[in-house]
>>> print(open('query-v1.txt').read())   # compact mmCIF, C-alpha atoms
# COMPACT_ATOMS: atom_id res chain seq x y z
CA MET A 1 114.74 116.53 122.17
CA THR A 2 114.65 118.60 120.50
CA SER A 3 116.21 120.03 120.29
CA TRP A 4 116.36 117.58 124.04
CA GLY A 5 113.76 118.65 120.37
CA ARG A 6 114.55 119.00 120.49
CA ALA A 7 116.72 118.19 118.92
CA GLY A 8 116.93 120.80 118.16
CA ALA A 9 114.28 120.53 118.30
CA VAL A 10 113.23 119.87 119.29
CA VAL A 11 111.51 120.50 121.65
CA ALA A 12 108.77 121.24 124.94
CA ALA A 13 107.78 123.19 127.84
CA ALA A 14 106.54 124.01 131.18
CA VAL A 15 107.07 126.36 134.02
CA LEU A 16 108.03 125.55 137.56
CA VAL A 17 108.45 127.39 140.82
CA GLY A 18 111.91 126.97 142.31
CA THR A 19 112.15 124.05 144.72
CA ALA A 20 114.27 123.23 147.71
CA ALA A 21 117.15 122.56 145.37
CA CYS A 22 117.50 126.26 144.73
CA SER A 23 115.36 127.98 147.31
CA GLY A 24 118.33 129.22 149.23
CA ALA A 25 119.96 130.85 146.25
CA GLY A 26 119.03 134.43 147.05
CA GLY A 27 116.65 136.94 145.57
CA SER A 28 116.29 138.54 142.16
CA GLY A 29 118.77 140.98 140.73
CA GLY A 30 118.34 144.65 140.21
CA GLY A 31 117.40 145.12 136.57
CA ASP A 32 120.24 147.60 136.15
CA GLY A 33 121.27 146.51 132.69
CA GLY A 34 120.34 149.63 130.81
CA GLY A 35 117.36 147.99 129.14
CA ALA A 36 119.28 145.21 127.39
CA ILE A 37 119.71 141.49 128.10
CA SER A 38 121.60 138.65 126.42
CA VAL A 39 119.83 135.37 125.64
CA LEU A 40 121.48 132.09 124.63
CA MET A 41 119.10 129.59 123.03
CA VAL A 42 118.72 126.51 120.86
CA ASN A 43 117.90 127.00 117.17
CA ASN A 44 114.70 125.00 116.90
CA PRO A 45 111.92 126.51 114.76
CA GLN A 46 109.87 127.82 117.69
CA MET A 47 112.89 129.67 119.08
CA VAL A 48 113.52 131.19 115.69
CA ASP A 49 109.89 132.34 115.62
CA LEU A 50 110.30 133.90 119.04
CA GLN A 51 113.39 135.78 117.89
CA LYS A 52 111.39 137.23 115.00
CA LEU A 53 108.63 138.48 117.31
CA THR A 54 110.77 139.95 120.08
CA ALA A 55 111.61 143.40 118.74
CA ASP A 56 108.14 144.31 117.47
CA ASP A 57 106.31 143.09 120.55
CA PHE A 58 108.44 142.62 123.69
CA THR A 59 110.97 145.40 123.09
CA LYS A 60 108.35 147.82 121.82
CA ARG A 61 106.28 147.35 124.98
CA THR A 62 109.08 147.21 127.57
CA GLY A 63 111.98 149.12 126.03
CA ILE A 64 114.25 146.13 126.77
CA THR A 65 116.37 145.03 123.82
CA VAL A 66 117.38 141.38 123.51
CA ASP A 67 120.68 140.21 122.07
CA PHE A 68 120.20 136.60 120.93
CA THR A 69 122.85 133.94 120.42
CA VAL A 70 121.19 131.04 118.59
CA LEU A 71 123.06 127.74 118.13
CA PRO A 72 122.38 124.12 117.12
CA GLU A 73 121.55 121.76 119.97
CA ASN A 74 124.95 120.14 120.44
CA ASP A 75 126.72 123.51 120.26
CA VAL A 76 124.31 125.34 122.56
CA ARG A 77 124.61 122.62 125.20
CA ASP A 78 128.39 123.00 125.25
CA LYS A 79 128.22 126.78 125.46
CA ILE A 80 125.54 126.76 128.17
CA SER A 81 127.60 124.32 130.21
CA GLN A 82 130.68 126.51 129.95
CA GLU A 83 128.72 129.67 130.77
CA PHE A 84 126.75 128.42 133.77
CA THR A 85 129.42 126.29 135.41
CA SER A 86 131.85 129.22 135.32
CA GLN A 87 129.13 131.78 136.18
CA ALA A 88 130.68 134.04 133.59
CA GLY A 89 127.63 136.28 133.46
CA GLN A 90 127.86 136.87 129.70
CA TYR A 91 124.27 135.65 129.22
CA ASP A 92 121.36 136.59 131.44
CA VAL A 93 118.94 133.95 130.14
CA ALA A 94 119.44 130.58 128.47
CA THR A 95 117.34 127.62 127.35
CA LEU A 96 117.99 124.75 129.75
CA SER A 97 116.31 121.36 129.57
CA ASN A 98 114.80 119.17 132.24
CA PHE A 99 118.14 117.32 132.25
CA GLU A 100 120.22 120.35 133.25
CA ILE A 101 117.77 122.08 135.60
CA PRO A 102 118.09 119.74 138.64
CA ILE A 103 121.88 119.64 138.33
CA TYR A 104 122.31 123.38 137.82
CA ALA A 105 119.89 124.18 140.64
CA LYS A 106 121.73 121.91 143.06
CA ASN A 107 124.97 123.74 142.24
CA GLY A 108 123.43 127.19 142.60
CA TRP A 109 124.02 128.18 138.97
CA VAL A 110 120.44 129.32 138.26
CA ALA A 111 118.52 132.09 139.97
CA PRO A 112 115.31 131.14 141.83
CA LEU A 113 112.16 132.52 140.27
CA ASP A 114 109.72 132.04 143.15
CA ASP A 115 109.51 135.73 144.02
CA HIS A 116 109.02 136.75 140.39
CA ILE A 117 106.21 134.25 139.90
CA ALA A 118 104.50 135.26 143.12
CA LYS A 119 104.48 138.92 142.07
CA ASP A 120 103.58 138.31 138.42
CA THR A 121 99.91 137.39 138.75
CA ALA A 122 99.40 137.39 134.98
CA PHE A 123 101.94 134.61 134.52
CA ASP A 124 99.66 131.90 135.99
CA GLN A 125 101.96 129.06 136.95
CA GLY A 126 98.93 126.87 137.64
CA ASP A 127 98.00 126.90 133.96
CA VAL A 128 101.13 124.92 133.05
CA LEU A 129 100.50 121.23 132.34
CA PRO A 130 101.41 119.17 135.45
CA PRO A 131 103.75 116.69 133.67
CA MET A 132 105.82 119.60 132.41
CA THR A 133 105.93 121.28 135.79
CA SER A 134 106.94 118.07 137.55
CA SER A 135 109.72 117.39 135.04
CA LEU A 136 111.66 120.45 136.25
CA THR A 137 112.95 121.58 139.59
CA ALA A 138 114.22 125.11 139.21
CA ALA A 139 113.33 127.03 136.07
CA ASP A 140 110.18 128.94 135.53
CA GLY A 141 109.70 130.14 132.05
CA LYS A 142 109.31 127.85 129.17
CA VAL A 143 108.82 128.05 125.51
CA TYR A 144 107.26 124.77 124.54
CA GLY A 145 106.76 121.25 125.80
CA GLU A 146 107.11 117.96 124.04
CA SER A 147 106.89 114.24 124.10
CA SER A 148 107.41 111.99 121.08
CA PHE A 149 105.14 110.27 118.59
CA LEU A 150 105.12 108.72 115.13
CA MET A 151 104.27 111.04 112.23
CA TYR A 152 103.30 109.46 108.91
CA ARG A 153 101.97 110.35 105.48
CA LYS A 154 98.35 109.22 105.43
CA ASP A 155 98.11 109.50 101.65
CA VAL A 156 101.23 107.44 101.04
CA LEU A 157 100.14 104.63 103.35
CA GLU A 158 96.66 104.64 101.85
CA ALA A 159 98.07 104.38 98.32
CA LYS A 160 99.98 101.28 99.41
CA GLY A 161 96.97 99.75 101.14
CA VAL A 162 98.56 100.14 104.57
CA THR A 163 96.65 101.00 107.75
CA MET A 164 98.57 102.46 110.68
CA PRO A 165 97.62 100.64 113.91
CA ALA A 166 96.14 102.80 116.66
CA ALA A 167 99.02 101.77 118.94
CA PRO A 168 101.82 100.46 116.70
CA THR A 169 104.65 98.19 117.76
CA TRP A 170 108.16 98.80 116.48
CA GLN A 171 107.99 95.67 114.33
CA GLU A 172 104.79 96.93 112.72
CA VAL A 173 106.51 100.26 112.02
CA ALA A 174 109.47 98.46 110.45
CA ASP A 175 107.12 96.42 108.25
CA ILE A 176 105.32 99.58 107.12
CA ALA A 177 108.63 101.33 106.43
CA ALA A 178 109.57 98.49 104.10
CA ARG A 179 106.24 98.67 102.24
CA VAL A 180 106.29 102.44 101.70
CA ASP A 181 110.02 102.73 100.95
CA HIS A 182 110.30 104.38 97.49
CA ALA A 183 106.52 104.76 97.34
CA GLN A 184 107.25 108.05 95.60
CA PRO A 185 110.40 109.12 93.73
CA ASP A 186 113.26 109.74 96.19
CA MET A 187 111.05 108.90 99.21
CA ARG A 188 112.40 106.64 101.96
CA GLY A 189 110.31 104.69 104.43
CA ILE A 190 111.24 106.43 107.70
CA CYS A 191 113.46 109.08 109.25
CA LEU A 192 115.26 108.29 112.50
CA ARG A 193 118.01 110.42 113.99
CA GLY A 194 121.54 109.14 113.50
CA GLN A 195 123.56 112.25 114.31
CA PRO A 196 126.07 111.88 117.16
CA GLY A 197 125.08 113.51 120.44
CA TRP A 198 123.39 112.31 123.61
CA GLY A 199 120.44 114.54 122.77
CA GLN A 200 120.47 113.65 119.09
CA VAL A 201 120.55 109.95 118.17
CA PHE A 202 120.01 108.86 121.77
CA GLY A 203 116.96 111.11 122.15
CA PRO A 204 114.76 108.66 120.25
CA LEU A 205 117.03 105.62 120.56
CA THR A 206 116.94 105.44 124.36
CA THR A 207 113.13 105.30 124.21
CA VAL A 208 113.52 102.31 121.89
CA VAL A 209 115.96 100.74 124.35
CA ASN A 210 113.44 101.26 127.16
CA THR A 211 110.56 99.57 125.39
CA PHE A 212 112.76 96.68 124.22
CA GLY A 213 113.45 96.02 127.91
CA GLY A 214 116.87 97.61 128.13
CA THR A 215 118.41 100.26 130.37
CA TRP A 216 121.71 102.14 130.71
CA PHE A 217 122.00 101.08 134.37
CA ASP A 218 120.05 98.77 136.62
CA GLN A 219 118.83 99.91 140.03
CA ASP A 220 122.21 99.09 141.61
CA TRP A 221 124.22 101.09 139.04
CA ASN A 222 125.40 98.03 137.14
CA ALA A 223 126.03 99.06 133.52
CA ARG A 224 123.77 97.30 130.99
CA VAL A 225 124.89 98.89 127.71
CA ASN A 226 125.92 95.65 126.03
CA ALA A 227 123.20 93.55 127.66
CA PRO A 228 120.97 91.54 125.30
CA GLU A 229 117.98 93.92 125.50
CA PHE A 230 120.04 97.07 124.87
CA THR A 231 121.87 95.32 122.04
CA GLU A 232 118.64 94.09 120.42
CA ALA A 233 117.18 97.61 120.49
CA VAL A 234 120.24 99.26 118.95
CA ARG A 235 120.50 96.55 116.31
CA PHE A 236 116.83 96.97 115.42
CA TYR A 237 117.13 100.77 115.21
CA THR A 238 120.33 100.83 113.17
CA ASP A 239 119.16 98.05 110.84
CA LEU A 240 115.88 99.90 110.23
CA VAL A 241 117.49 103.23 109.41
CA LYS A 242 120.13 101.58 107.20
CA ALA A 243 117.52 99.58 105.28
CA HIS A 244 114.73 102.11 104.92
CA GLY A 245 115.93 105.37 106.45
CA GLU A 246 116.80 108.81 105.15
CA SER A 247 119.78 109.75 103.05
CA GLY A 248 122.80 110.71 105.16
CA ALA A 249 121.24 109.16 108.25
CA ALA A 250 124.49 109.10 110.24
CA GLN A 251 124.46 112.91 110.31
CA ALA A 252 120.70 113.49 110.46
CA GLY A 253 119.24 115.06 113.59
CA TYR A 254 115.89 116.62 114.43
CA THR A 255 116.23 119.47 111.94
CA GLU A 256 117.26 117.24 109.06
CA CYS A 257 114.39 114.81 109.66
CA LEU A 258 111.92 117.69 109.96
CA ASN A 259 113.09 119.05 106.62
CA ASP A 260 112.87 115.59 105.03
CA MET A 261 109.28 115.19 106.23
CA VAL A 262 108.26 118.66 105.04
CA GLN A 263 109.88 118.10 101.64
CA GLY A 264 108.29 114.67 101.15
CA SER A 265 111.58 112.77 101.28
CA VAL A 266 110.33 110.32 103.93
CA ALA A 267 106.98 108.67 104.62
CA MET A 268 107.30 108.38 108.42
CA TRP A 269 109.21 110.04 111.22
CA TYR A 270 109.51 109.14 114.92
CA ASP A 271 110.50 112.21 116.93
CA ALA A 272 109.37 115.16 119.04
CA THR A 273 105.70 116.12 119.08
CA VAL A 274 106.70 119.74 118.55
CA GLY A 275 107.49 118.92 114.91
CA ALA A 276 103.77 118.77 114.13
CA GLY A 277 103.46 122.54 114.31
CA THR A 278 105.82 122.96 111.37
CA LEU A 279 104.28 120.11 109.39
CA GLU A 280 100.81 121.64 109.74
CA ALA A 281 101.84 125.28 109.19
CA ASP A 282 100.05 127.24 106.48
CA ASP A 283 103.13 127.22 104.23
CA SER A 284 103.85 123.50 104.67
CA PRO A 285 103.48 121.40 101.49
CA VAL A 286 102.39 118.41 103.61
CA LYS A 287 99.76 120.24 105.66
CA GLY A 288 96.73 118.00 106.19
CA LYS A 289 98.56 114.91 104.89
CA ILE A 290 100.08 113.77 108.18
CA GLY A 291 98.73 111.23 110.65
CA TYR A 292 99.94 110.93 114.26
CA ALA A 293 100.31 107.70 116.24
CA PRO A 294 101.69 107.03 119.74
CA ALA A 295 105.37 106.24 120.17
CA PRO A 296 105.84 102.61 119.07
CA VAL A 297 106.23 99.98 121.78
CA VAL A 298 107.51 96.45 122.36
CA LYS A 299 107.38 95.47 126.04
CA THR A 300 106.05 98.65 127.64
CA ARG A 301 102.60 100.21 127.58
CA SER A 302 103.97 103.51 126.26
CA SER A 303 107.40 104.78 125.23
CA GLY A 304 107.19 108.51 124.51
CA TRP A 305 109.74 110.80 126.05
CA LEU A 306 109.18 113.89 128.20
CA TYR A 307 111.44 116.78 127.33
CA THR A 308 111.37 120.44 128.09
CA TRP A 309 113.39 123.44 127.07
CA ALA A 310 113.01 125.92 129.91
CA TRP A 311 114.05 129.53 130.28
CA ALA A 312 116.49 129.93 133.16
CA ILE A 313 118.23 133.00 134.57
CA GLN A 314 121.93 132.66 135.30
CA LYS A 315 122.67 133.28 138.98
CA ALA A 316 125.50 135.63 137.99
CA SER A 317 123.22 137.86 135.92
CA LYS A 318 123.05 141.49 137.06
CA LYS A 319 119.82 142.04 135.12
CA GLN A 320 117.48 139.53 136.67
CA ASP A 321 114.44 141.79 136.78
CA ASP A 322 114.65 142.52 133.05
CA ALA A 323 115.44 138.84 132.42
CA TRP A 324 112.22 137.85 134.20
CA LYS A 325 110.20 140.30 132.14
CA PHE A 326 111.49 138.54 129.02
CA ILE A 327 110.72 135.08 130.43
CA SER A 328 107.26 136.13 131.53
CA TRP A 329 106.55 137.41 128.03
CA ALA A 330 108.01 134.40 126.22
CA SER A 331 106.24 131.87 128.47
CA GLY A 332 103.08 133.72 129.39
CA LYS A 333 99.54 132.89 128.34
CA ASP A 334 99.46 135.75 125.85
CA TYR A 335 102.48 134.51 123.89
CA GLU A 336 100.55 131.67 122.24
CA LYS A 337 97.96 134.17 121.04
CA LEU A 338 100.70 136.40 119.68
CA VAL A 339 102.16 133.51 117.67
CA GLY A 340 98.71 132.47 116.50
CA ASP A 341 97.80 135.96 115.32
CA ARG A 342 101.15 136.76 113.71
CA LEU A 343 102.44 133.41 112.44
CA GLY A 344 99.44 131.06 112.44
CA TRP A 345 98.01 128.91 115.23
CA ALA A 346 99.74 125.75 114.00
CA LYS A 347 103.03 127.33 115.11
CA ALA A 348 101.81 128.19 118.61
CA PRO A 349 103.85 126.42 121.31
CA ALA A 350 102.00 123.26 122.31
CA GLY A 351 102.37 120.97 125.29
CA LYS A 352 102.89 123.80 127.75
CA ARG A 353 99.66 125.38 129.01
CA ALA A 354 96.22 123.90 129.63
CA SER A 355 94.62 127.08 128.30
CA THR A 356 96.05 126.37 124.86
CA TYR A 357 93.92 123.23 124.65
CA ALA A 358 90.82 125.22 125.51
CA ASN A 359 91.44 127.77 122.75
CA ALA A 360 89.05 127.26 119.85
CA ASP A 361 91.36 128.99 117.36
CA TYR A 362 94.21 126.66 118.25
CA LEU A 363 92.08 123.52 118.21
CA GLU A 364 90.68 124.42 114.80
CA VAL A 365 94.08 124.30 113.11
CA ALA A 366 95.75 121.78 115.44
CA ARG A 367 92.95 119.21 115.59
CA ALA A 368 95.14 116.58 113.89
CA PHE A 369 97.88 116.65 116.52
CA ALA A 370 96.58 118.50 119.62
CA GLU A 371 95.16 115.44 121.40
CA PRO A 372 97.99 113.08 120.32
CA THR A 373 100.47 115.59 121.74
CA ARG A 374 98.66 116.00 125.04
CA ASN A 375 98.19 112.23 125.37
CA ALA A 376 101.87 111.61 124.67
CA ILE A 377 102.89 114.05 127.40
CA ALA A 378 100.36 112.67 129.87
CA ASN A 379 101.52 109.07 129.34
CA ALA A 380 105.24 109.78 129.73
CA ASP A 381 106.71 108.59 133.04
CA PRO A 382 110.30 109.76 133.73
CA LYS A 383 110.47 107.70 136.94
CA ASN A 384 109.39 104.39 135.38
CA PRO A 385 110.16 104.48 131.64
CA GLY A 386 111.06 100.82 131.18
CA VAL A 387 110.49 97.35 132.57
CA GLN A 388 112.84 97.59 135.56
CA PRO A 389 113.59 100.08 138.37
CA ARG A 390 116.15 102.79 137.53
CA PRO A 391 118.74 104.49 139.76
CA ALA A 392 118.02 107.97 138.35
CA PRO A 393 115.07 109.66 136.62
CA GLY A 394 114.86 110.24 132.88
CA ILE A 395 113.26 108.67 129.83
CA GLN A 396 115.67 109.49 127.00
CA PHE A 397 118.57 110.25 129.33
CA VAL A 398 119.95 109.27 132.73
CA GLY A 399 119.61 112.20 135.11
CA ILE A 400 123.23 112.40 136.30
CA PRO A 401 126.00 114.92 135.45
CA GLU A 402 128.13 112.23 133.79
CA PHE A 403 125.51 111.29 131.20
CA PRO A 404 126.30 113.94 128.54
CA ASP A 405 129.86 112.65 128.25
CA LEU A 406 128.83 108.99 128.42
CA GLY A 407 125.90 109.36 126.05
CA THR A 408 127.90 111.35 123.54
CA LYS A 409 130.73 108.80 123.48
CA VAL A 410 128.35 105.91 122.85
CA SER A 411 126.37 107.95 120.31
CA GLN A 412 129.48 108.49 118.21
CA ASP A 413 129.94 104.75 117.92
CA VAL A 414 126.25 104.17 117.15
CA SER A 415 126.47 106.74 114.36
CA ALA A 416 129.49 104.84 113.09
CA VAL A 417 127.34 101.70 113.00
CA ILE A 418 124.77 103.49 110.86
CA ALA A 419 127.57 104.69 108.59
CA GLY A 420 128.81 101.09 108.25
CA ARG A 421 132.14 101.64 110.00
CA GLN A 422 131.69 99.21 112.88
CA THR A 423 129.31 96.61 114.30
CA VAL A 424 126.69 97.04 116.99
CA GLN A 425 128.59 94.70 119.28
CA GLU A 426 131.83 96.65 118.86
CA ALA A 427 130.06 99.92 119.59
CA LEU A 428 128.24 98.68 122.68
CA ASP A 429 131.22 96.82 124.13
CA LYS A 430 133.08 100.13 124.18
CA GLY A 431 130.00 101.81 125.61
CA GLN A 432 129.80 99.19 128.35
CA GLN A 433 133.34 100.00 129.48
CA ALA A 434 132.54 103.71 129.68
CA ALA A 435 129.28 103.04 131.54
CA GLU A 436 130.99 100.68 134.01
CA ALA A 437 133.33 103.50 135.02
CA VAL A 438 130.34 105.71 135.79
CA GLY A 439 128.51 102.94 137.63
CA ARG A 440 131.52 102.20 139.85
CA LYS A 441 131.53 105.82 141.00
CA TYR A 442 127.92 105.66 142.12
CA ARG A 443 128.19 102.22 143.70
CA GLY A 444 131.14 103.54 145.67
>>> encode(input="query-v1.txt", output="structure tokens")
Amino acid sequence: MTSWGRAGAVVAAAVLVGTAACSGAGGSGGGDGGGAISVLMVNNPQMVDLQKLTADDFTKRTGITVDFTVLPENDVRDKISQEFTSQAGQYDVATLSNFEIPIYAKNGWVAPLDDHIAKDTAFDQGDVLPPMTSSLTAADGKVYGESSFLMYRKDVLEAKGVTMPAAPTWQEVADIAARVDHAQPDMRGICLRGQPGWGQVFGPLTTVVNTFGGTWFDQDWNARVNAPEFTEAVRFYTDLVKAHGESGAAQAGYTECLNDMVQGSVAMWYDATVGAGTLEADDSPVKGKIGYAPAPVVKTRSSGWLYTWAWAIQKASKKQDDAWKFISWASGKDYEKLVGDRLGWAKAPAGKRASTYANADYLEVARAFAEPTRNAIANADPKNPGVQPRPAPGIQFVGIPEFPDLGTKVSQDVSAVIAGRQTVQEALDKGQQAAEAVGRKYRG
């Protein structure tokens, strides 16, 4: 959900022409920055890879230097919010998710990219996967796209005589976690995020709530945080991670679970599809040992999320032409080839462009997770993620400005449940009060 990947991760991508939400926001800036731009971005592995490649490829070809500020997901969200809402102009480009884009576009905080895309024929907006394009409303460049799925150690399950169902339910996953817990020294059954943050623990947890039949709000903005379905989902999730989850689960986010899976500390992991690239990298000790199954379900047909980290240009930037050149490079069709040639095709950004899935070099190394990733993205439905109508779009979030504060407050109490400091009912009763305040505003 990273991350929103992402958590940090986390992480996913697409590219979208500016829509009516931002079409009146004026043209591009004048590229008068002296050949230097400032970029604020999340610290997921693919962003770190991009940072490594920038000087030797982008700067060498364009003469534009890039000053990166790279922060963990929770921290980068706070800094981006402060920067864009104030239009401080300190950063020209930032990674925004499909949560922020509609809100920021409506407020005129991001620059429209329509003119840039129209002129940049090599960029090829039409090559971007439709679900990623439709999940955004104002940003155009993107680094990678993601949904979510279940990653598991094939060898560990086989040694225990366990077969992963083709479309597992959450109860089946819990049963498997119990059977493979401690299958190897210091190995736990599953990794699930427990770190506070609306884009951390509630990245995966809200998808569990959805498939258990719960929702943050019903269609009429009535809060449903302590309703039976929401409560059952949170109790299931917290009980599972406490019984068979990773060490230090209350502070584990995308990055921690990724590291646990790479190091063989857990047998399964439910999280962002983008994690597969690291697991299957040439230097990964678990390369070739991982299986991939759809996001587990209960009452819904599918339950994977749809999350994107997109490149956006701050409206206040005075270097918009140079900023677009960077975005076009970082999100263009040639970038995947650059990553494949320099770092290995397993690390190439997936879930973004259709051309990636037609590339024989990519498919050769990504055959284990390429189709599961594309299927997860294709089956995600931000408008109908649960069993009832919703008042706002979003799978692992509610697409309103108040959600970061609401989700973060409730996430802190859910993390406290995992840490054993309070009960599920106590946590969700407090969450219900906070959600009711938000719901009253929208009903009014």
>>> atom_distance(input="query-v1.txt", atom1="atom CA of Trp221 of chain A", atom2="atom CA of Ser303 of chain A")
22.1 Å
>>> atom_distance(input="query-v1.txt", atom1="atom CA of Ala272 of chain A", atom2="atom CA of Gly291 of chain A")
14.1 Å
>>> atom_distance(input="query-v1.txt", atom1="atom CA of Ala250 of chain A", atom2="atom CA of Trp170 of chain A")
20.3 Å
>>> residues_around(input="query-v1.txt", residues="Thr169 of chain A", least_positions_apart="4", cutoff="7 Å", atoms="all atoms listed in the file", output="PyMOL selection string")
chain A and resi 173+296-298
>>> closest_residue(input="query-v1.txt", among="A:Asp361, A:Glu232, A:Asp429, A:Glu336", to="Gln46 of chain A", atoms="all atoms listed in the file")
A:Glu336
>>> residues_around(input="query-v1.txt", residues="segment 162-168 of chain A", least_positions_apart="2", cutoff="6 Å", atoms="only C-alpha atoms", output="PyMOL selection string")
chain A and resi 157-158+160+294+296
>>> closest_residue(input="query-v1.txt", among="A:Gln314, A:Ser247, A:Thr408, A:Thr356", to="Glu371 of chain A", atoms="only C-alpha atoms")
A:Thr356
>>> closest_residue(input="query-v1.txt", among="A:Asp56, A:Ile395, A:Gly264, A:Arg301", to="Thr206 of chain A", atoms="only C-alpha atoms")
A:Ile395
>>> residues_near_point(input="query-v1.txt", point="(112.5, 142.7, 131.0)", cutoff="12 Å", atoms="all atoms listed in the file", output="VMD selection string")
chain A and resid 29 to 39 54 58 to 66 92 to 93 116 313 319 to 330
>>> residues_near_point(input="query-v1.txt", point="(101.2, 126.2, 109.4)", cutoff="8 Å", atoms="only C-alpha atoms", output="list in words")
Gly277, Thr278, Leu279, Glu280, Ala281, Asp282, Asp283, Ser284, Lys287, Leu343, Gly344, Trp345, Ala346 and Lys347 of chain A
>>> axis_aligned_box(input="query-v1.txt", around="segment 107-120 of chain A", padding_each_side="4 Å", output="JSON")
{"center_x": 114.3, "center_y": 131.3, "center_z": 141.1, "size_x": 29.4, "size_y": 23.2, "size_z": 13.8}
>>> closest_residue(input="query-v1.txt", among="A:Ser81, A:Asn107, A:Gln433, A:Gln425", to="Ala233 of chain A", atoms="all atoms listed in the file")
A:Gln425
>>> decode(input="query-v1.txt", residues="segment 358-377 of chain A", atoms="N, CA and C atoms", output="short mmCIF file (atom, residue, chain, number, x, y, z; two decimals), in the first residue's frame")
data_model
loop_
_atom_site.label_atom_id
_atom_site.label_comp_id
_atom_site.auth_asym_id
_atom_site.auth_seq_id
_atom_site.Cartn_x
_atom_site.Cartn_y
_atom_site.Cartn_z
N ALA A 358 4.01 -8.23 -22.41
CA ALA A 358 4.29 -8.80 -23.73
C ALA A 358 5.79 -8.94 -23.94
N ASN A 359 6.57 -8.62 -22.92
CA ASN A 359 8.02 -8.66 -23.03
C ASN A 359 8.54 -10.04 -22.61
N ALA A 360 9.16 -10.73 -23.55
CA ALA A 360 9.60 -12.11 -23.28
C ALA A 360 10.64 -12.17 -22.17
N ASP A 361 11.52 -11.17 -22.10
CA ASP A 361 12.55 -11.16 -21.06
C ASP A 361 11.91 -11.05 -19.67
N TYR A 362 10.90 -10.20 -19.56
CA TYR A 362 10.21 -10.05 -18.28
C TYR A 362 9.46 -11.33 -17.92
N LEU A 363 8.72 -11.87 -18.87
CA LEU A 363 7.91 -13.05 -18.58
C LEU A 363 8.76 -14.26 -18.23
N GLU A 364 9.98 -14.31 -18.74
CA GLU A 364 10.86 -15.43 -18.43
C GLU A 364 11.21 -15.47 -16.95
N VAL A 365 11.49 -14.32 -16.36
CA VAL A 365 11.90 -14.29 -14.95
C VAL A 365 10.71 -14.08 -14.01
N ALA A 366 9.60 -13.54 -14.54
CA ALA A 366 8.46 -13.21 -13.69
C ALA A 366 7.30 -14.17 -13.89
N ARG A 367 7.56 -15.32 -14.51
CA ARG A 367 6.46 -16.23 -14.84
C ARG A 367 5.69 -16.68 -13.61
N ALA A 368 6.33 -16.72 -12.44
CA ALA A 368 5.64 -17.18 -11.23
C ALA A 368 4.60 -16.18 -10.74
N PHE A 369 4.83 -14.89 -10.97
CA PHE A 369 3.93 -13.90 -10.39
C PHE A 369 3.32 -12.92 -11.40
N ALA A 370 3.73 -12.96 -12.67
CA ALA A 370 3.23 -11.99 -13.65
C ALA A 370 1.71 -12.10 -13.81
N GLU A 371 1.20 -13.29 -14.09
CA GLU A 371 -0.24 -13.46 -14.28
C GLU A 371 -1.02 -13.26 -12.98
N PRO A 372 -0.55 -13.80 -11.83
CA PRO A 372 -1.27 -13.50 -10.59
C PRO A 372 -1.37 -12.01 -10.30
N THR A 373 -0.32 -11.25 -10.63
CA THR A 373 -0.37 -9.81 -10.41
C THR A 373 -1.39 -9.15 -11.32
N ARG A 374 -1.33 -9.48 -12.61
CA ARG A 374 -2.26 -8.86 -13.55
C ARG A 374 -3.70 -9.25 -13.22
N ASN A 375 -3.93 -10.51 -12.83
CA ASN A 375 -5.28 -10.93 -12.47
C ASN A 375 -5.79 -10.21 -11.23
N ALA A 376 -4.90 -10.00 -10.26
CA ALA A 376 -5.29 -9.31 -9.04
C ALA A 376 -5.72 -7.89 -9.33
N ILE A 377 -4.97 -7.21 -10.20
CA ILE A 377 -5.31 -5.84 -10.57
C ILE A 377 -6.62 -5.81 -11.34
#
